[in-house]
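Novice: I am sharing final.cif, which consists of mmCIF, C-alpha atoms:
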```cif
data_entry
loop_
_atom_site.label_atom_id
_atom_site.label_comp_id
_atom_site.auth_asym_id
_atom_site.auth_seq_id
_atom_site.Cartn_x
_atom_site.Cartn_y
_atom_site.Cartn_z
CA MET X 1 -14.73 20.85 -17.47
CA VAL X 2 -12.04 18.41 -16.34
CA GLN X 3 -11.35 18.31 -12.64
CA ILE X 4 -7.58 18.37 -12.18
CA VAL X 5 -6.24 16.79 -9.01
CA LEU X 6 -2.54 17.39 -8.63
CA SER X 7 -0.08 15.38 -6.58
CA PRO X 8 2.20 17.37 -4.26
CA ASP X 9 5.12 18.99 -6.13
CA TRP X 10 7.65 17.19 -3.95
CA PHE X 11 6.12 13.83 -4.94
CA LEU X 12 6.28 14.22 -8.75
CA THR X 13 9.66 12.47 -9.17
CA LYS X 14 8.71 9.70 -6.76
CA ASP X 15 5.40 9.30 -8.58
CA PHE X 16 7.29 8.84 -11.87
CA VAL X 17 9.48 6.12 -10.30
CA ILE X 18 6.42 4.32 -8.87
CA CYS X 19 4.64 4.42 -12.23
CA MET X 20 7.70 3.11 -14.09
CA PHE X 21 8.15 0.29 -11.55
CA SER X 22 4.49 -0.63 -12.04
CA VAL X 23 4.89 -0.58 -15.83
CA ILE X 24 7.98 -2.82 -15.73
CA THR X 25 6.25 -5.29 -13.38
CA LEU X 26 3.14 -5.43 -15.56
CA VAL X 27 5.13 -5.87 -18.79
CA LEU X 28 7.16 -8.72 -17.26
CA ILE X 29 4.00 -10.54 -16.17
CA ALA X 30 2.39 -9.92 -19.58
CA ALA X 31 5.46 -11.36 -21.35
CA PHE X 32 5.39 -14.36 -19.02
CA SER X 33 1.68 -14.94 -19.78
CA LEU X 34 2.28 -14.64 -23.53
CA ARG X 35 5.06 -17.19 -23.30
CA PHE X 36 2.69 -19.67 -21.68
CA TYR X 37 0.06 -18.93 -24.30
CA PHE X 38 2.42 -19.58 -27.20
CA LEU X 39 3.48 -22.86 -25.58
CA ASN X 40 -0.16 -23.93 -25.29
CA ARG X 41 -2.57 -21.93 -27.41
CA GLU X 42 -5.56 -23.86 -26.08
CA HIS X 43 -5.37 -21.93 -22.80
CA LYS X 44 -6.78 -18.56 -23.89
CA GLY X 45 -6.67 -17.36 -20.29
CA HIS X 46 -2.95 -16.65 -20.54
CA LEU X 47 -3.58 -14.44 -23.58
CA TYR X 48 -6.30 -12.49 -21.76
CA PHE X 49 -4.04 -12.07 -18.74
CA ALA X 50 -1.34 -10.66 -21.01
CA ILE X 51 -3.77 -8.27 -22.71
CA SER X 52 -5.11 -7.01 -19.37
CA PHE X 53 -1.65 -6.36 -17.91
CA ILE X 54 -0.46 -4.66 -21.11
CA LEU X 55 -3.49 -2.35 -21.07
CA ILE X 56 -2.86 -1.46 -17.41
CA ALA X 57 0.83 -0.82 -18.17
CA ILE X 58 -0.11 1.52 -21.02
CA ALA X 59 -2.57 3.23 -18.66
CA PHE X 60 0.29 4.04 -16.28
CA LEU X 61 2.36 5.38 -19.17
CA PHE X 62 -0.50 7.76 -19.97
CA GLN X 63 -0.56 8.77 -16.31
CA ILE X 64 3.08 9.80 -16.66
CA ILE X 65 2.18 11.85 -19.76
CA THR X 66 -0.68 13.49 -17.86
CA ASN X 67 1.54 14.41 -14.90
CA PHE X 68 4.19 15.77 -17.27
CA SER X 69 1.67 17.94 -19.13
CA ILE X 70 0.33 19.43 -15.89
CA LYS X 71 3.82 20.14 -14.54
CA TYR X 72 4.98 21.62 -17.86
CA GLN X 73 1.98 23.93 -18.10
CA THR X 74 2.55 25.12 -14.52
CA VAL X 75 6.26 25.77 -15.14
CA VAL X 76 5.57 27.74 -18.31
CA THR X 77 2.93 29.87 -16.61
CA LYS X 78 5.19 30.61 -13.65
CA GLN X 79 8.16 31.38 -15.85
CA PHE X 80 6.46 34.04 -17.97
CA GLY X 81 4.09 35.46 -15.39
CA PHE X 82 1.71 38.05 -16.90
CA LEU X 83 2.95 37.36 -20.44
CA THR X 84 0.54 34.42 -20.75
CA VAL X 85 -0.42 35.52 -24.26
CA MET X 86 3.03 34.48 -25.45
CA THR X 87 2.58 30.96 -24.05
CA TYR X 88 -0.97 30.37 -25.22
CA ASN X 89 -0.07 27.76 -27.85
CA THR X 90 2.21 25.91 -25.44
CA VAL X 91 -0.43 25.83 -22.70
CA THR X 92 -3.07 24.71 -25.20
CA LEU X 93 -0.84 21.82 -26.31
CA SER X 94 -0.30 20.92 -22.65
CA LYS X 95 -4.07 20.86 -22.06
CA ILE X 96 -4.52 18.56 -25.05
CA LEU X 97 -1.86 16.21 -23.66
CA PHE X 98 -3.61 16.29 -20.31
CA LEU X 99 -7.03 15.47 -21.77
CA VAL X 100 -5.68 12.61 -23.90
CA GLY X 101 -3.60 11.21 -21.05
CA HIS X 102 -6.43 11.66 -18.54
CA PHE X 103 -9.06 9.72 -20.48
CA ALA X 104 -6.61 7.12 -21.85
CA HIS X 105 -5.32 6.38 -18.34
CA TYR X 106 -8.81 6.01 -16.89
CA PHE X 107 -10.22 3.99 -19.77
CA LEU X 108 -7.28 1.59 -20.24
CA LEU X 109 -6.87 0.95 -16.51
CA LEU X 110 -10.55 0.12 -16.00
CA ILE X 111 -10.76 -1.99 -19.16
CA GLY X 112 -7.57 -3.84 -18.17
CA LEU X 113 -8.95 -4.58 -14.70
CA TYR X 114 -12.27 -5.63 -16.24
CA ILE X 115 -10.60 -8.12 -18.63
CA LEU X 116 -8.58 -9.49 -15.70
CA TYR X 117 -11.74 -9.88 -13.63
CA VAL X 118 -13.65 -11.60 -16.46
CA THR X 119 -10.72 -13.96 -17.08
CA ILE X 120 -10.77 -15.07 -13.45
CA ASP X 121 -14.54 -15.11 -12.94
CA LYS X 122 -16.37 -16.10 -16.12
CA LYS X 123 -20.01 -14.99 -16.35
CA SER X 124 -22.68 -14.60 -19.03
CA THR X 125 -22.14 -12.40 -22.09
CA MET X 126 -24.98 -10.11 -21.00
CA ASN X 127 -23.23 -9.42 -17.69
CA HIS X 128 -20.02 -8.61 -19.57
CA LEU X 129 -21.82 -6.09 -21.78
CA LEU X 130 -23.60 -4.53 -18.81
CA ILE X 131 -20.37 -4.08 -16.84
CA LEU X 132 -18.59 -2.74 -19.94
CA TYR X 133 -21.38 -0.17 -20.33
CA PHE X 134 -20.91 1.04 -16.76
CA LEU X 135 -17.14 1.26 -17.26
CA ILE X 136 -17.60 3.50 -20.30
CA ILE X 137 -20.07 5.68 -18.37
CA THR X 138 -17.57 5.90 -15.51
CA VAL X 139 -14.82 7.14 -17.84
CA LEU X 140 -17.11 9.68 -19.54
CA PHE X 141 -18.24 11.17 -16.22
CA SER X 142 -14.88 10.94 -14.48
CA ASN X 143 -14.14 14.47 -15.71
CA VAL X 144 -16.96 15.67 -13.45
CA ALA X 145 -16.45 13.44 -10.44
CA TYR X 146 -12.85 12.32 -9.90
CA ILE X 147 -14.00 10.00 -7.13
CA VAL X 148 -16.11 7.90 -9.55
CA PHE X 149 -13.06 6.50 -11.35
CA HIS X 150 -11.29 5.44 -8.16
CA LEU X 151 -14.48 3.98 -6.70
CA THR X 152 -14.97 1.85 -9.83
CA ALA X 153 -11.32 0.74 -9.67
CA VAL X 154 -11.78 -0.21 -6.00
CA ILE X 155 -14.82 -2.34 -6.85
CA LEU X 156 -13.02 -4.14 -9.69
CA LEU X 157 -9.86 -4.70 -7.65
CA GLY X 158 -11.95 -5.93 -4.73
CA ALA X 159 -13.74 -8.40 -7.01
CA ILE X 160 -10.40 -9.64 -8.40
CA ALA X 161 -8.93 -9.99 -4.91
CA TYR X 162 -12.02 -11.86 -3.70
CA ASN X 163 -11.78 -14.34 -6.57
CA TYR X 164 -8.13 -14.99 -5.79
CA TYR X 165 -9.12 -15.52 -2.14
CA LYS X 166 -11.65 -18.16 -3.21
CA ILE X 167 -9.00 -19.85 -5.35
CA TYR X 168 -6.57 -19.78 -2.42
CA LYS X 169 -9.11 -21.51 -0.17
CA GLU X 170 -9.16 -24.35 -2.69
CA ASN X 171 -5.47 -24.76 -3.55
CA LYS X 172 -3.72 -23.21 -0.49
CA ASN X 173 -0.98 -21.98 -2.81
CA ARG X 174 1.24 -19.18 -1.46
CA CYS X 175 1.44 -17.55 -4.90
CA THR X 176 -2.35 -17.27 -4.92
CA VAL X 177 -2.43 -15.67 -1.48
CA LEU X 178 0.20 -13.18 -2.67
CA LEU X 179 -2.00 -12.32 -5.65
CA PHE X 180 -4.91 -11.82 -3.27
CA ALA X 181 -2.76 -9.58 -1.07
CA SER X 182 -1.37 -7.56 -3.99
CA PHE X 183 -4.75 -6.72 -5.51
CA SER X 184 -6.17 -5.99 -2.06
CA VAL X 185 -3.37 -3.52 -1.36
CA ILE X 186 -3.71 -1.90 -4.80
CA GLY X 187 -7.45 -1.61 -4.15
CA LEU X 188 -6.71 0.08 -0.83
CA SER X 189 -4.45 2.56 -2.64
CA GLN X 190 -7.28 3.48 -5.01
CA ALA X 191 -9.64 3.93 -2.06
CA ILE X 192 -7.21 6.36 -0.43
CA MET X 193 -6.77 8.29 -3.70
CA MET X 194 -10.50 9.04 -3.69
CA PHE X 195 -9.76 11.72 -1.11
CA THR X 196 -7.00 13.41 -3.14
CA GLN X 197 -9.30 16.31 -4.07
CA TYR X 198 -9.58 17.16 -0.37
CA LYS X 199 -5.94 16.56 0.64
CA THR X 200 -3.24 16.26 -2.03
CA ILE X 201 -1.07 14.31 0.44
CA MET X 202 -3.56 11.45 0.03
CA TYR X 203 -2.29 10.99 -3.53
CA ALA X 204 1.25 10.45 -2.22
CA VAL X 205 -0.02 8.02 0.45
CA GLY X 206 -2.12 6.12 -2.09
CA SER X 207 0.72 5.92 -4.63
CA THR X 208 3.12 4.61 -1.97
CA ILE X 209 0.64 1.91 -0.94
CA GLN X 210 0.13 1.11 -4.62
CA LEU X 211 3.89 0.58 -4.91
CA VAL X 212 3.69 -1.95 -2.06
CA GLY X 213 0.92 -3.75 -3.94
CA PHE X 214 3.02 -4.00 -7.10
CA VAL X 215 6.05 -5.18 -5.11
CA ILE X 216 3.90 -8.05 -3.75
CA LEU X 217 2.71 -8.75 -7.30
CA LEU X 218 6.32 -8.87 -8.51
CA ILE X 219 7.22 -11.28 -5.69
CA ALA X 220 4.32 -13.54 -6.72
CA PHE X 221 5.57 -13.42 -10.32
CA ILE X 222 9.12 -14.37 -9.23
CA LEU X 223 7.79 -17.29 -7.17
CA VAL X 224 5.78 -18.55 -10.13
CA LEU X 225 8.90 -18.37 -12.32
CA LYS X 226 10.95 -20.17 -9.67
CA HIS X 227 8.29 -22.86 -9.30
CA GLY X 228 8.13 -23.29 -13.08
CA LYS X 229 11.91 -23.71 -13.40
CA THR X 230 11.98 -26.21 -10.52
CA LYS X 231 9.18 -28.21 -12.12
CA GLN X 232 10.96 -28.14 -15.50
CA ASN X 233 14.25 -29.33 -13.96
CA ARG X 234 12.47 -32.24 -12.28
CA HIS X 235 10.84 -33.15 -15.57
CA ASN X 236 14.19 -33.11 -17.40
CA LYS X 237 15.69 -35.44 -14.81
#
```
If you convert what's in this file into structure tokens, what do you get?
Specialist:
Amino acid sequence: MVQIVLSPDWFLTKDFVICMFSVITLVLIAAFSLRFYFLNREHKGHLYFAISFILIAIAFLFQIITNFSIKYQTVVTKQFGFLTVMTYNTVTLSKILFLVGHFAHYFLLLIGLYILYVTIDKKSTMNHLLILYFLIITVLFSNVAYIVFHLTAVILLGAIAYNYYKIYKENKNRCTVLLFASFSVIGLSQAIMMFTQYKTIMYAVGSTIQLVGFVILLIAFILVLKHGKTKQNRHNK
């Protein structure tokens, strides 16, 4: 049985805005990475970055579908009251949308984070397969323990942030420190969301902190674009 953890009703619209902002930010970065890849196909890292961000963006789109299906099912049930027999097909469709959105969101987000982590920190093939196995197990059992998904996301985000911290210690680049900060903040948001099943307000708090993380990520993206244009102008001169 799937464990449904709802966000507060008053936060549903705000949650939609946060998810859409995250999707737009991720798609922009993915497009930017693809552009670099097509300019120099030898650097496969840009392609993997694009794939990871696209997968995470799609994961957030599925989260929107999941939230919509839950809200729609609740509205239908409240509207018809005891005449639930008349809304059986509608509620069943809503449950299907929830299940598809639930597992797609979890799976794509974790796989996207995993590809991003592997791109930054290259390890042996056996380690990749082992981690991929644990990610699949996490998704399969996330319907029993909601906390497992967020805990896995925290670990992956923490590993990504740590790798960016190590890179920053070497290059002292402000864009790198912003990437470290963004993934650290997003990791913190996932840690807070682990407690949603106890207090639904924690979902709102976690989502708001997640928004801050994506704002920092967008700032880092803008700085990289600005630096690239400045470098190109100097080269043209």
Novice: Can you give me, as a PyMOL selection string, the residues this file yields under the PyMOL selection byres ((chain X and resi 207-222) around 8)?
Specialist: chain X and resi 15+18+21-22+25+29+175-176+178-179+181-186+188-190+193+203-206+223-226
Novice: For a quick check of understanding, using all atoms listed in the file, which of X:Ala161, X:Met194, X:Ala50, X:Ile58 has the smallest distance to X:Leu108?
Specialist: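 Closest candidate: X:Ile58.
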Novice: What does the structure give for the distance between atom CA of X:Phe149 and atom CA of X:Leu109, in Å to one decimal?
Specialist: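 For atom CA of X:Phe149 relative to atom CA of X:Leu109, the distance reads 9.8 Å.
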Novice: What's the separation between atom CA of X:Phe180 and atom CA of X:Tyr165, in Å to one decimal place?
Specialist: 5.7 Å
Novice: For X:Ser33, which residue among X:Tyr117, X:Phe103, X:Tyr146, X:Phe53 is the nearest when counting all atoms listed in the file?
Specialist: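 Once distances to X:Ser33 are computed over all atoms listed in the file, the minimum belongs to X:Phe53.
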Novice: So which residues touch stretch 59-65 of chain X within 9 Å, counting only C-alpha atoms, skipping near sequence neighbours fewer than 5 positions away, as a PyMOL selection string?
Specialist: chain X and resi 15-16+19-20+22-23+54+70+97-98+100-110+112
Novice: Is it possible to get the axis-aligned box enclosing stretch 13-25 of chain X (all listed atoms, 6 Å extra per side) as JSON, with centre and edge lengths in Å rounded to one decimal?
Specialist:
```
{"center_x": 7.1, "center_y": 3.6, "center_z": -11.3, "size_x": 17.2, "size_y": 29.8, "size_z": 21.1}
```
Novice: To one decimal place, how far is atom CA of X:Ala153 from atom CA of X:Gly187 in Å?
Specialist: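 Rounded to one decimal, the two atoms are 7.1 Å apart.
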Novice: What's the 9 Å shell around X:Ile51, counting all atoms listed in the file, without same-chain residues fewer than 2 positions away, as a VMD selection string?
Specialist: chain X and resid 30 34 46 to 49 53 to 56 112 115 to 116
Novice: Quick one: of X:Ile136, X:His227, X:Ala191, X:Ile147, who's nearest to X:Arg174, counting all atoms listed in the file?
Specialist: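 Going through X:Ile136, X:His227, X:Ala191, X:Ile147 one by one, the smallest distance to X:Arg174 is for X:His227.
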Novice: Choose the residue, out of X:Tyr114, X:Tyr198, X:Phe11, X:Phe38, that has the smallest atom-to-atom separation from X:Ile160; count only C-alpha atoms.
Specialist: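 Of X:Tyr114, X:Tyr198, X:Phe11, X:Phe38, the one nearest X:Ile160 is X:Tyr114, counting only C-alpha atoms.
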